[in-house]
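Colleague: File follows, run12.cif with mmCIF, C-alpha atoms:
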```
data_upload
#
loop_
_atom_site.label_atom_id
_atom_site.label_comp_id
_atom_site.auth_asym_id
_atom_site.auth_seq_id
_atom_site.Cartn_x
_atom_site.Cartn_y
_atom_site.Cartn_z
CA MET E 171 73.00 60.93 -16.92
CA SER E 172 70.08 62.43 -15.00
CA HIS E 173 70.12 64.24 -11.68
CA LYS E 174 67.32 62.12 -10.25
CA LYS E 175 66.52 62.40 -6.56
CA ILE E 176 67.56 59.41 -4.46
CA SER E 177 66.43 59.18 -0.85
CA PRO E 178 69.19 58.74 1.75
CA VAL E 179 67.25 55.80 3.19
CA ARG E 180 67.62 53.67 0.05
CA ALA E 181 71.19 54.76 -0.58
CA VAL E 182 72.44 53.89 2.91
CA GLN E 183 70.78 50.50 2.84
CA ALA E 184 72.90 49.66 -0.22
CA LEU E 185 76.17 49.44 1.72
CA PRO E 186 79.01 49.78 1.12
CA LEU E 187 78.60 53.31 -0.14
CA LYS E 188 80.84 54.28 -3.04
CA ALA E 189 83.11 57.33 -3.10
CA ILE E 190 84.35 59.39 -6.05
CA SER E 191 87.76 60.62 -4.95
CA LEU E 192 89.26 63.84 -6.31
CA PHE E 193 92.85 64.91 -5.56
CA SER E 194 93.40 61.43 -4.12
CA GLY E 195 97.10 61.80 -3.36
CA ALA E 196 98.39 58.75 -1.51
CA MET E 197 94.81 57.81 -0.47
CA GLY E 198 95.04 58.76 3.23
CA LEU E 199 91.49 60.14 3.28
CA ASP E 200 90.23 57.25 1.14
CA LEU E 201 91.77 54.57 3.36
CA GLY E 202 90.13 56.12 6.40
CA LEU E 203 86.76 56.23 4.67
CA GLU E 204 87.20 52.59 3.60
CA ARG E 205 87.67 51.58 7.24
CA ALA E 206 84.40 53.32 8.05
CA GLY E 207 82.57 51.47 5.26
CA ILE E 208 82.77 53.87 2.30
CA GLN E 209 84.42 52.17 -0.66
CA THR E 210 86.53 54.17 -3.10
CA ALA E 211 85.22 53.65 -6.66
CA VAL E 212 87.59 55.90 -8.63
CA CYS E 213 90.63 58.08 -7.93
CA CYS E 214 91.53 61.30 -9.74
CA GLU E 215 95.12 62.45 -9.23
CA ILE E 216 97.69 64.28 -11.34
CA ASP E 217 100.88 63.32 -9.46
CA LYS E 218 102.58 60.46 -11.30
CA TRP E 219 104.03 58.74 -8.25
CA SER E 220 100.84 58.94 -6.22
CA CYS E 221 99.00 57.32 -9.15
CA GLU E 222 101.60 54.56 -9.33
CA SER E 223 101.24 53.94 -5.59
CA ILE E 224 97.45 53.69 -5.87
CA ARG E 225 97.67 51.27 -8.81
CA LEU E 226 100.17 49.10 -6.93
CA ASN E 227 98.15 48.89 -3.72
CA ARG E 228 94.61 49.07 -5.12
CA PRO E 229 94.78 47.62 -8.66
CA GLU E 230 90.99 47.23 -8.74
CA ILE E 231 90.37 51.01 -8.45
CA PRO E 232 90.35 53.01 -11.72
CA VAL E 233 92.87 55.87 -11.61
CA LEU E 234 92.42 58.94 -13.82
CA GLU E 235 95.89 60.47 -14.03
CA ARG E 236 94.89 63.94 -15.17
CA SER E 237 94.21 67.36 -13.77
CA VAL E 238 90.72 67.71 -12.34
CA VAL E 239 90.47 70.90 -14.42
CA ASP E 240 90.48 68.74 -17.56
CA LEU E 241 88.00 66.14 -16.32
CA ASP E 242 84.30 65.99 -17.08
CA PRO E 243 82.40 65.05 -13.89
CA PHE E 244 80.20 62.53 -15.71
CA GLU E 245 83.28 60.91 -17.26
CA VAL E 246 84.62 60.39 -13.74
CA ALA E 247 81.31 58.92 -12.54
CA ALA E 248 81.27 56.56 -15.54
CA ALA E 249 84.81 55.40 -14.74
CA ALA E 250 83.62 54.67 -11.20
CA ASN E 251 80.64 52.74 -12.56
CA VAL E 252 78.32 54.47 -10.07
CA ASP E 253 75.27 56.67 -10.21
CA PRO E 254 76.66 59.91 -8.77
CA ASN E 255 73.34 60.59 -7.03
CA ASP E 256 74.04 57.54 -4.85
CA ALA E 257 77.73 58.30 -4.31
CA ILE E 258 79.82 60.42 -1.97
CA LEU E 259 82.29 62.94 -3.36
CA VAL E 260 85.50 63.26 -1.35
CA GLY E 261 88.71 65.19 -1.71
CA GLY E 262 91.15 67.82 -0.55
CA PRO E 263 92.44 70.15 -3.28
CA PRO E 264 96.16 71.01 -3.11
CA CYS E 265 96.56 73.47 -0.29
CA GLN E 266 99.97 75.13 -0.75
CA SER E 267 98.45 78.45 -1.75
CA PHE E 268 96.43 78.50 1.49
CA SER E 269 98.97 76.87 3.82
CA SER E 270 101.03 78.74 6.39
CA ALA E 271 104.02 77.01 4.79
CA GLY E 272 103.17 78.30 1.30
CA ASN E 273 103.19 81.69 -0.36
CA ARG E 274 99.62 82.48 0.78
CA ALA E 275 98.63 83.53 -2.72
CA ALA E 276 95.16 81.98 -2.29
CA LEU E 277 93.02 82.44 -5.40
CA ASN E 278 95.84 84.17 -7.29
CA ASP E 279 97.39 80.69 -7.39
CA SER E 280 95.95 78.05 -9.73
CA ARG E 281 96.15 75.56 -6.85
CA GLY E 282 93.86 77.80 -4.83
CA ASN E 283 91.36 77.82 -7.66
CA LEU E 284 91.23 74.01 -7.53
CA VAL E 285 88.97 74.45 -4.51
CA PHE E 286 86.30 75.67 -6.92
CA GLU E 287 86.97 72.77 -9.27
CA TYR E 288 85.96 70.47 -6.42
CA PHE E 289 82.66 72.28 -5.97
CA ARG E 290 82.12 72.23 -9.74
CA PHE E 291 81.88 68.45 -9.34
CA VAL E 292 79.40 68.84 -6.48
CA LYS E 293 77.24 71.16 -8.55
CA THR E 294 77.29 68.88 -11.61
CA LEU E 295 77.01 65.43 -10.03
CA ARG E 296 74.75 66.25 -7.07
CA PRO E 297 76.22 63.48 -4.89
CA LEU E 298 74.40 62.11 -1.88
CA ALA E 299 77.00 63.75 0.35
CA PHE E 300 80.43 65.33 0.08
CA VAL E 301 83.54 65.41 2.26
CA PHE E 302 85.91 68.33 1.70
CA GLU E 303 89.12 68.86 3.64
CA ASN E 304 91.92 71.41 3.49
CA VAL E 305 94.41 73.27 5.65
CA GLY E 306 93.08 75.30 8.53
CA ASN E 307 94.39 78.50 6.99
CA LEU E 308 91.79 78.18 4.25
CA LEU E 309 89.69 80.22 6.70
CA THR E 310 92.07 83.18 6.62
CA ALA E 311 93.09 83.24 2.94
CA ALA E 312 92.56 86.38 0.88
CA LEU E 313 91.04 86.62 -2.59
CA LEU E 314 93.88 88.86 -3.70
CA HIS E 315 97.42 88.38 -2.49
CA ARG E 316 99.60 91.37 -1.69
CA PRO E 317 103.25 90.42 -1.09
CA ILE E 318 104.43 91.00 2.45
CA HIS E 319 106.97 93.63 1.46
CA LEU E 320 104.17 95.68 -0.16
CA ARG E 321 101.77 95.48 2.77
CA PRO E 322 101.49 98.46 5.10
CA GLY E 323 103.35 97.50 8.23
CA LYS E 324 104.85 94.51 6.36
CA HIS E 325 103.09 92.02 8.64
CA TRP E 326 103.50 88.40 7.55
CA ASN E 327 100.40 87.37 9.50
CA LEU E 328 97.32 88.05 7.37
CA ALA E 329 95.17 88.23 10.53
CA LYS E 330 96.65 91.70 11.01
CA TYR E 331 94.56 92.67 7.98
CA SER E 332 91.16 91.32 8.94
CA ARG E 333 87.78 92.96 9.36
CA GLU E 334 88.30 92.72 13.12
CA ALA E 335 91.47 94.77 12.77
CA LEU E 336 89.91 97.66 10.89
CA ILE E 337 90.64 100.00 13.78
CA SER E 338 94.30 99.91 12.75
CA ASP E 339 95.66 102.06 9.97
CA ASP E 340 97.35 99.02 8.46
CA ALA E 341 94.13 97.07 7.89
CA ASP E 342 92.25 100.11 6.67
CA SER E 343 94.67 100.58 3.79
CA LEU E 344 94.00 97.16 2.22
CA THR E 345 91.05 96.46 -0.03
CA GLU E 346 88.29 94.11 1.11
CA ASP E 347 89.55 91.39 -1.27
CA GLU E 348 93.05 91.62 0.22
CA MET E 349 91.90 91.08 3.78
CA SER E 350 92.04 87.90 5.82
CA GLY E 351 89.08 85.59 5.18
CA SER E 352 87.89 87.21 1.96
CA ALA E 353 88.53 84.02 -0.07
CA PHE E 354 86.56 81.89 2.39
CA ARG E 355 83.65 84.32 2.48
CA TYR E 356 83.51 84.19 -1.33
CA MET E 357 83.71 80.40 -1.24
CA LEU E 358 80.80 80.17 1.21
CA GLU E 359 78.60 82.22 -1.09
CA GLU E 360 79.23 79.67 -3.85
CA ILE E 361 78.68 76.69 -1.55
CA HIS E 362 75.46 78.06 -0.07
CA ALA E 363 74.00 78.23 -3.58
CA LEU E 364 74.50 74.46 -3.99
CA GLY E 365 71.52 73.74 -1.75
CA TYR E 366 73.24 71.26 0.60
CA SER E 367 72.89 71.00 4.35
CA ILE E 368 76.41 71.99 5.37
CA THR E 369 78.59 71.78 8.45
CA PHE E 370 82.28 72.54 8.86
CA GLY E 371 84.95 73.17 11.42
CA ILE E 372 88.57 72.74 12.47
CA LEU E 373 89.60 69.22 13.46
CA ASN E 374 92.90 67.94 14.84
CA ALA E 375 93.86 64.43 13.74
CA ALA E 376 95.36 63.74 17.20
CA ASP E 377 91.85 64.11 18.66
CA PHE E 378 90.83 61.03 16.66
CA GLY E 379 93.69 58.69 17.51
CA ALA E 380 96.40 59.82 15.10
CA PRO E 381 99.88 59.94 16.68
CA GLN E 382 100.27 63.33 15.01
CA LYS E 383 98.97 66.84 15.62
CA ARG E 384 97.56 67.86 12.27
CA VAL E 385 94.96 70.61 12.14
CA ARG E 386 92.60 70.48 9.17
CA PHE E 387 89.55 72.30 7.90
CA CYS E 388 86.76 69.78 7.24
CA MET E 389 83.38 70.39 5.59
CA LEU E 390 80.52 67.91 5.16
CA GLY E 391 77.51 68.45 2.91
CA PHE E 392 74.28 66.42 2.63
CA ARG E 393 71.82 66.62 -0.23
CA GLU E 394 68.65 65.18 1.30
CA CYS E 395 69.13 65.00 5.05
CA ARG E 396 70.14 67.43 7.75
CA GLU E 397 73.74 67.74 8.86
CA MET E 398 74.60 66.68 12.44
CA GLY E 399 77.64 68.83 13.11
CA ILE E 400 81.24 67.69 12.88
CA PRO E 401 82.76 64.60 14.53
CA LYS E 402 83.44 64.82 18.27
CA PRO E 403 86.95 64.04 19.55
CA THR E 404 87.65 60.58 20.90
CA HIS E 405 91.11 61.34 22.33
CA GLY E 406 92.36 64.09 24.62
CA GLU E 407 91.89 64.95 28.28
CA PRO E 408 89.86 62.57 30.51
CA PRO E 409 87.26 61.20 30.16
CA LEU E 410 88.45 60.85 26.56
CA ARG E 411 91.06 58.29 25.61
CA PRO E 412 94.65 59.53 25.96
CA TYR E 413 96.47 60.86 22.92
CA VAL E 414 98.51 58.31 20.97
CA THR E 415 102.20 59.12 21.36
CA LEU E 416 105.16 58.85 19.05
CA ARG E 417 106.50 56.04 21.24
CA GLU E 418 103.33 53.97 20.80
CA ALA E 419 103.40 54.48 17.05
CA ILE E 420 107.02 53.98 15.99
CA ALA E 421 109.26 52.86 18.90
CA ASP E 422 109.52 49.35 17.44
CA LEU E 423 110.99 50.82 14.23
CA LYS E 424 113.94 52.51 15.93
CA ASP E 425 116.48 49.86 14.94
CA LEU E 426 114.85 48.91 11.62
CA PRO E 427 113.49 52.23 10.35
CA GLY E 428 113.73 51.54 6.64
CA PRO E 429 114.80 54.23 4.16
CA HIS E 430 115.29 57.73 5.47
CA SER E 431 116.86 61.00 4.50
CA VAL E 432 119.94 62.42 6.25
CA TYR E 433 121.08 65.71 7.70
CA THR E 434 124.23 67.51 6.73
CA ASP E 435 126.98 67.38 9.35
CA ARG E 436 126.25 71.01 10.18
CA MET E 437 122.54 70.36 10.80
CA ALA E 438 123.37 67.26 12.84
CA ASP E 439 125.63 69.41 15.05
CA PHE E 440 122.71 71.75 15.74
CA PHE E 441 120.39 68.86 16.56
CA ARG E 442 122.89 67.57 19.14
CA LEU E 443 122.13 70.72 21.10
CA ILE E 444 118.33 70.52 20.84
CA PRO E 445 116.39 68.45 23.41
CA PRO E 446 113.52 66.12 22.45
CA GLY E 447 110.40 68.20 21.85
CA GLY E 448 112.47 71.31 21.13
CA ASN E 449 113.45 73.38 18.13
CA TRP E 450 115.84 76.17 17.15
CA ARG E 451 114.67 78.29 20.09
CA ASP E 452 116.41 75.86 22.44
CA LEU E 453 119.80 76.68 20.91
CA ALA E 454 122.07 79.07 22.77
CA GLU E 455 121.95 82.60 21.38
CA PRO E 456 125.23 82.39 19.41
CA HIS E 457 123.92 79.36 17.50
CA ARG E 458 120.42 80.62 16.67
CA ALA E 459 121.27 83.09 13.90
CA ASP E 460 123.70 80.58 12.42
CA ALA E 461 121.02 77.87 12.41
CA LEU E 462 118.33 80.09 10.87
CA GLY E 463 120.53 81.75 8.26
CA GLY E 464 118.59 84.13 6.04
CA SER E 465 115.32 83.14 7.72
CA ALA E 466 116.35 84.88 10.93
CA ALA E 467 114.92 88.19 9.70
CA ALA E 468 111.66 86.67 8.42
CA GLY E 469 108.40 87.14 10.30
CA GLY E 470 106.44 84.56 12.24
CA GLY E 471 107.34 82.24 15.08
CA LYS E 472 109.34 79.86 12.91
CA THR E 473 108.32 76.99 15.20
CA GLY E 474 108.76 74.58 12.30
CA PHE E 475 112.52 75.19 12.16
CA MET E 476 114.87 72.50 13.46
CA ARG E 477 112.28 70.41 15.32
CA LYS E 478 113.21 67.33 17.33
CA LEU E 479 110.33 65.02 18.20
CA HIS E 480 109.36 63.86 21.71
CA TRP E 481 108.66 60.21 22.48
CA ASP E 482 105.76 60.87 24.82
CA GLU E 483 103.77 63.29 22.67
CA PRO E 484 102.07 63.01 19.28
CA ALA E 485 104.32 64.11 16.43
CA PRO E 486 103.88 67.58 14.96
CA THR E 487 102.41 67.88 11.47
CA LEU E 488 104.46 65.80 9.06
CA THR E 489 106.13 67.83 6.33
CA THR E 490 107.19 66.74 2.86
CA LYS E 491 110.89 67.52 3.47
CA PRO E 492 111.97 66.44 6.98
CA ASN E 493 115.65 66.98 6.15
CA ARG E 494 115.33 70.74 5.46
CA LYS E 495 115.97 73.04 8.40
CA GLY E 496 112.69 74.92 7.92
CA THR E 497 110.63 71.71 7.97
CA ALA E 498 112.94 69.36 9.84
CA LEU E 499 111.55 66.47 11.90
CA CYS E 500 114.40 64.85 13.80
CA HIS E 501 114.15 61.50 15.60
CA PRO E 502 114.08 61.93 19.41
CA ASP E 503 117.21 59.80 19.98
CA LEU E 504 118.99 59.62 16.64
CA LEU E 505 120.49 62.40 14.52
CA ARG E 506 118.37 61.65 11.47
CA PRO E 507 114.96 62.60 10.06
CA ILE E 508 112.17 60.18 10.85
CA SER E 509 112.02 57.55 8.13
CA VAL E 510 109.54 56.81 5.36
CA TYR E 511 108.25 53.79 7.31
CA GLU E 512 107.86 55.94 10.42
CA TYR E 513 105.96 58.50 8.35
CA ARG E 514 103.72 55.71 7.09
CA ARG E 515 102.89 54.67 10.67
CA LEU E 516 102.24 58.24 11.84
CA GLN E 517 99.80 58.77 8.96
CA GLY E 518 97.98 55.53 9.76
CA PHE E 519 98.85 53.68 6.54
CA PRO E 520 99.23 49.90 6.82
CA ASP E 521 102.78 48.59 7.07
CA ASP E 522 102.35 46.72 3.79
CA TRP E 523 101.34 49.88 1.88
CA HIS E 524 104.00 50.33 -0.79
CA LEU E 525 105.03 53.73 -2.11
CA CYS E 526 106.43 54.32 -5.59
CA GLY E 527 109.16 56.72 -6.63
CA ALA E 528 112.40 57.94 -5.12
CA MET E 529 112.67 58.56 -1.39
CA ASN E 530 111.87 62.28 -1.68
CA GLN E 531 108.72 61.39 -3.63
CA LYS E 532 107.67 58.91 -0.94
CA TYR E 533 108.10 61.58 1.73
CA GLN E 534 106.05 63.95 -0.39
CA GLN E 535 103.19 61.51 -0.87
CA LEU E 536 102.98 60.77 2.84
CA GLY E 537 103.58 64.34 3.98
CA ASN E 538 100.69 65.58 1.83
CA ALA E 539 98.31 62.82 2.94
CA VAL E 540 95.36 63.10 5.32
CA PRO E 541 95.87 60.91 8.42
CA THR E 542 93.71 57.84 7.93
CA HIS E 543 92.42 58.23 11.51
CA LEU E 544 90.77 61.53 10.58
CA GLY E 545 89.34 60.04 7.38
CA GLU E 546 87.81 57.18 9.35
CA ALA E 547 86.20 59.58 11.85
CA LEU E 548 84.71 61.61 9.01
CA GLY E 549 83.46 58.46 7.30
CA HIS E 550 81.70 57.16 10.41
CA HIS E 551 80.10 60.57 10.95
CA VAL E 552 78.84 60.74 7.36
CA LEU E 553 77.24 57.30 7.69
CA GLN E 554 75.67 58.16 11.05
CA THR E 555 74.20 61.34 9.56
CA LEU E 556 72.76 59.51 6.56
CA ARG E 557 71.28 56.78 8.76
CA ALA E 558 69.70 59.30 11.13
CA ARG E 559 67.68 60.62 8.16
CA SER E 560 66.81 63.95 9.80
CA PRO E 561 64.68 66.00 7.39
CA TRP E 562 66.71 68.29 5.18
CA VAL E 563 66.88 71.91 6.32
CA GLU E 564 68.68 74.66 4.46
CA THR E 565 71.84 75.91 6.13
CA THR E 566 71.36 79.66 6.35
CA LYS E 567 74.01 82.27 5.71
CA MET E 568 73.76 83.30 9.35
CA GLN E 569 74.55 79.73 10.42
CA LEU E 570 77.50 79.59 8.02
CA SER E 571 78.79 82.83 9.51
CA ALA E 572 78.48 81.44 13.04
CA MET E 573 80.34 78.26 12.00
CA THR E 574 83.09 80.44 10.54
CA ASP E 575 83.47 82.36 13.81
CA THR E 576 83.63 79.10 15.78
CA ALA E 577 86.19 77.58 13.41
CA LEU E 578 88.36 80.72 13.48
CA ALA E 579 88.28 80.76 17.28
CA LYS E 580 89.43 77.14 17.38
CA LEU E 581 92.18 77.78 14.82
CA ARG E 582 93.45 80.71 16.90
CA SER E 583 93.27 78.68 20.10
CA TYR E 584 95.61 76.09 18.60
CA ALA E 585 98.06 78.86 17.74
CA ARG E 586 97.85 80.34 21.25
CA ASN E 587 98.22 76.94 22.92
CA GLY E 588 101.29 76.24 20.82
CA GLN E 589 102.86 79.51 21.85
CA ARG E 590 102.09 78.92 25.55
CA ALA E 591 103.53 75.40 25.39
CA LYS E 592 106.70 76.67 23.80
CA ARG E 593 107.11 79.44 26.40
CA ALA E 594 106.58 76.90 29.19
CA GLN E 595 109.14 74.57 27.65
CA MET E 596 111.67 77.38 27.29
CA GLY E 597 111.13 78.31 30.93
CA LEU E 598 111.70 74.70 31.99
CA PHE E 599 114.99 74.44 30.14
CA ALA E 600 116.07 77.82 31.48
CA SER E 601 115.52 76.61 35.06
CA ASP E 602 117.37 73.38 34.32
CA CYS E 603 120.38 75.35 33.16
CA ALA E 604 120.34 77.80 36.06
#
```
Starting from the file, lay out its structure as structure tokens.
Modeller:
Amino acid sequence: MSHKKISPVRAVQALPLKAISLFSGAMGLDLGLERAGIQTAVCCEIDKWSCESIRLNRPEIPVLERSVVDLDPFEVAAAANVDPNDAILVGGPPCQSFSSAGNRAALNDSRGNLVFEYFRFVKTLRPLAFVFENVGNLLTAALLHRPIHLRPGKHWNLAKYSREALISDDADSLTEDEMSGSAFRYMLEEIHALGYSITFGILNAADFGAPQKRVRFCMLGFRECREMGIPKPTHGEPPLRPYVTLREAIADLKDLPGPHSVYTDRMADFFRLIPPGGNWRDLAEPHRADALGGSAAAGGGKTGFMRKLHWDEPAPTLTTKPNRKGTALCHPDLLRPISVYEYRRLQGFPDDWHLCGAMNQKYQQLGNAVPTHLGEALGHHVLQTLRARSPWVETTKMQLSAMTDTALAKLRSYARNGQRAKRAQMGLFASDCA
């Protein structure tokens, strides 16, 4: 199969565009792209239950149930029955090794190296455009992981060991490859060599109509036209549309929630003491250590522990295990985790989308998915960029560096805003109790 040049003009006229989907998961990104007008032509996924769900809901789409590591890019294109030069490559490699909820092993972890498997497909197939998404902490991952207990100062937050922190003795004692952002800087060198016009940034799914705050790193690349930045939010403060709340998304499912996990009696007793929108920090001091257990001495803010949702706000990021204390997502009114059907709504999947496997596997498929609202926004932006047909211009290393600084600033602003909101909430409850 040749790497012939195809102009974006001819490709976009041949709608709908076809997408080759890697690391498809439960198809959250793919469903969003479909709504924008980009049709999924093949799915590559290693998880058995995700594959079964795709086959059940989209029997017309070929599913390659194998590791991307073992797949030949041209074999995948053949299964899709598309010329890859006319197609769009989409996907989000497993992110646990980069996630704040994972072990932060980055490229020491085989899952971290799957990022480069994605770009192997870009390099080989030369698609018309690509859509790459991952966790926000991809920006801060290190090439080499040093366990927290072996780090000078034993800081859990890798930002303590960044180039910006070199004035501290702690940062100075780590190697360059162990510092925050070293993995992303290495990744950008590889991507720049691909010769695509590239844009990337941090996007929050709530800003695009998802009833869920989910911060993601998103990168778009274009082979023969100039990038036009990342999608602009449609929801937020006026004059934008208001955020979609939990109440708007799932209130009608309160009495008929479908299958859901349960909390132990002990966890339920803790949740009785936590107000909607709160977490373990809202427990009285005698109960906090008991609720956290061995995690009490761990670093970080632990804001994901023992969370109870609020009706009039978007949900926090959905986890894969809402019944565990470290990743709990309790219903605002009821002493139970939000259900599988409620998860499905919050991720933007249609109500008739069926999930295969046991209940824990259904939670995992949905918890790992990209909100379809974000996928749709990315899809519309890709099509707008291709239709605009601005002449291709190389994205310089200086521009990539500036994008990195902007994305990091936005990622940090989300962290700061979360901390301020929690302090304000704690102050409110303190005054109520006075």
Colleague: Given the file shown, determine the residues that the PyMOL selection byres ((chain E and resi 376-390) around 7) selects; report them as a PDB file with C-alpha atoms, in the coordinates of the input.
Modeller:
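Final file, part36.pdb:
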```pdb
ATOM      1  CA  PHE E 300      80.430  65.330   0.080  1.00  0.00           C
ATOM      2  CA  VAL E 301      83.540  65.410   2.260  1.00  0.00           C
ATOM      3  CA  PHE E 302      85.910  68.330   1.700  1.00  0.00           C
ATOM      4  CA  GLU E 303      89.120  68.860   3.640  1.00  0.00           C
ATOM      5  CA  ASN E 304      91.920  71.410   3.490  1.00  0.00           C
ATOM      6  CA  VAL E 305      94.410  73.270   5.650  1.00  0.00           C
ATOM      7  CA  GLY E 306      93.080  75.300   8.530  1.00  0.00           C
ATOM      8  CA  ILE E 368      76.410  71.990   5.370  1.00  0.00           C
ATOM      9  CA  THR E 369      78.590  71.780   8.450  1.00  0.00           C
ATOM     10  CA  PHE E 370      82.280  72.540   8.860  1.00  0.00           C
ATOM     11  CA  GLY E 371      84.950  73.170  11.420  1.00  0.00           C
ATOM     12  CA  ILE E 372      88.570  72.740  12.470  1.00  0.00           C
ATOM     13  CA  LEU E 373      89.600  69.220  13.460  1.00  0.00           C
ATOM     14  CA  ASN E 374      92.900  67.940  14.840  1.00  0.00           C
ATOM     15  CA  ALA E 375      93.860  64.430  13.740  1.00  0.00           C
ATOM     16  CA  GLY E 391      77.510  68.450   2.910  1.00  0.00           C
ATOM     17  CA  PHE E 392      74.280  66.420   2.630  1.00  0.00           C
ATOM     18  CA  PRO E 403      86.950  64.040  19.550  1.00  0.00           C
ATOM     19  CA  THR E 404      87.650  60.580  20.900  1.00  0.00           C
ATOM     20  CA  HIS E 405      91.110  61.340  22.330  1.00  0.00           C
ATOM     21  CA  GLY E 406      92.360  64.090  24.620  1.00  0.00           C
ATOM     22  CA  TYR E 413      96.470  60.860  22.920  1.00  0.00           C
ATOM     23  CA  VAL E 414      98.510  58.310  20.970  1.00  0.00           C
ATOM     24  CA  THR E 415     102.200  59.120  21.360  1.00  0.00           C
ATOM     25  CA  LEU E 416     105.160  58.850  19.050  1.00  0.00           C
ATOM     26  CA  ALA E 419     103.400  54.480  17.050  1.00  0.00           C
ATOM     27  CA  PRO E 484     102.070  63.010  19.280  1.00  0.00           C
ATOM     28  CA  ALA E 485     104.320  64.110  16.430  1.00  0.00           C
ATOM     29  CA  PRO E 486     103.880  67.580  14.960  1.00  0.00           C
ATOM     30  CA  THR E 487     102.410  67.880  11.470  1.00  0.00           C
ATOM     31  CA  LEU E 516     102.240  58.240  11.840  1.00  0.00           C
ATOM     32  CA  PRO E 541      95.870  60.910   8.420  1.00  0.00           C
ATOM     33  CA  HIS E 543      92.420  58.230  11.510  1.00  0.00           C
ATOM     34  CA  LEU E 544      90.770  61.530  10.580  1.00  0.00           C
ATOM     35  CA  ALA E 547      86.200  59.580  11.850  1.00  0.00           C
TER      36      ALA E 547
END
```
Colleague: Taking the file as shown, find all residues satisfying the PyMOL selection byres ((chain E and resi 359-361) around 10) and write them as a list in words.
Modeller: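 This file gives the following for the PyMOL selection byres ((chain E and resi 359-361) around 10): Phe286, Phe289, Arg290, Val292, Lys293, Phe354, Arg355, Tyr356, Met357, Leu358, His362, Ala363, Leu364, Gly365, Tyr366, Ile368, Gly391, Lys567 and Leu570 of chain E.
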Colleague: Given the file shown, determine the residues that the PyMOL selection byres ((chain E and resi 553) around 10) selects; report them as a ChimeraX atom specification.
Modeller: /E:182,185,187,206-208,299,548-552,554-558
Colleague: Using all atoms listed in the file, which residue out of E:Ser350, E:Asn307, E:Gln535, E:Thr294 lies closest to E:Glu215?
Modeller: E:Gln535
Colleague: With a distance cut-off of 8 Å and only C-alpha atoms, select the neighbouring residues of E:Val233, excluding the residue or stretch itself and same-chain residues fewer than 2 positions from it, and output the selection as a list in words.
Modeller: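 Contacts, in chain order: Val212, Cys213, Cys214, Glu215, Cys221, Ile224, Arg225, Ile231 and Glu235 of chain E.
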Colleague: Looking at E:Gln209, E:Thr566, E:Ser352, E:Asn449, which one is nearest to E:Ala311, with distances taken over only C-alpha atoms?
Modeller: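 Between E:Gln209, E:Thr566, E:Ser352, E:Asn449, the residue approaching E:Ala311 most closely is E:Ser352.
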Colleague: Considering only C-alpha atoms, can you say which of E:His501, E:Arg417, E:His524, E:Lys424 comes closest to E:Gly448?
Modeller: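 Of E:His501, E:Arg417, E:His524, E:Lys424, the one nearest E:Gly448, counting only C-alpha atoms, is E:His501.
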Colleague: Neighbours of stretch 238-255 of chain E within 6 Å (all atoms listed in the file; same-chain residues fewer than 4 positions away dropped), as a PDB file with C-alpha atoms, in the frame of the given file?
Modeller:
```
ATOM      1  CA  ALA E 211      85.220  53.650  -6.660  1.00  0.00           C
ATOM      2  CA  VAL E 212      87.590  55.900  -8.630  1.00  0.00           C
ATOM      3  CA  PHE E 291      81.880  68.450  -9.340  1.00  0.00           C
ATOM      4  CA  LEU E 295      77.010  65.430 -10.030  1.00  0.00           C
ATOM      5  CA  ARG E 296      74.750  66.250  -7.070  1.00  0.00           C
ATOM      6  CA  PRO E 297      76.220  63.480  -4.890  1.00  0.00           C
ATOM      7  CA  LEU E 298      74.400  62.110  -1.880  1.00  0.00           C
TER       8      LEU E 298
END
```
Colleague: Please provide as a PyMOL selection string all residues within 10 Å of stretch 521-523 of chain E, with the sequence filter that same-chain residues fewer than 3 positions apart are discarded (counting all atoms listed in the file).
Modeller: chain E and resi 196+223-224+226-228+511-512+514-515+518
Colleague: Mind pulling up the distance from atom CA of E:Val285 to atom CA of E:Asn530?
Modeller: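 According to the coordinates, atom CA of E:Asn530 and atom CA of E:Val285 are separated by 26.1 Å.
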Colleague: In Å to one decimal, how far is atom CA of E:Leu234 from atom CA of E:Pro186?
Modeller: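 Going from atom CA of E:Pro186 over to atom CA of E:Leu234, I get 22.1 Å.
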Colleague: So, with all atoms listed in the file as the atoms that count, which of E:Gly463, E:Asn493, E:Pro232, E:Arg411 lies closest to E:Tyr433?
Modeller: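 For E:Tyr433, the nearest of the candidates is E:Asn493.
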Colleague: Of the residues E:Ser509, E:Pro401, E:Pro408, E:Arg451, which is the one nearest to E:Leu423, using all atoms listed in the file?
Modeller: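 Using all atoms listed in the file, the shortest distance to E:Leu423 belongs to E:Ser509.
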Colleague: List as number ranges by chain the protein and nucleic acid residues near E:Lys495, meaning an atom at most 12 Å away when all atoms listed in the file are counted, but skip any in the same chain fewer than 2 places from it.
Modeller: E: 432-434, 436-438, 440-441, 449-450, 460-465, 472-478, 489, 491-493, 497-500, 507
Colleague: For a test of reading the model, state the distance in Å between atom CA of E:Val540 and atom CA of E:Leu199, rounded to one decimal.
Modeller: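 For atom CA of E:Val540 relative to atom CA of E:Leu199, the distance reads 5.3 Å.
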Colleague: Which of these, E:Glu564, E:Leu410, E:Ala577, E:Tyr513, has the shortest distance to E:Leu536 once you count all atoms listed in the file?
Modeller: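 Using all atoms listed in the file, the shortest distance to E:Leu536 belongs to E:Tyr513.
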Colleague: Could you pull the residues within 7 Å of E:Thr542, counting only C-alpha atoms, minus those fewer than 3 positions along the same chain, as JSON, numbers by chain?
Modeller: {"E": [198, 199, 201, 202, 517, 518, 519, 545, 546]}
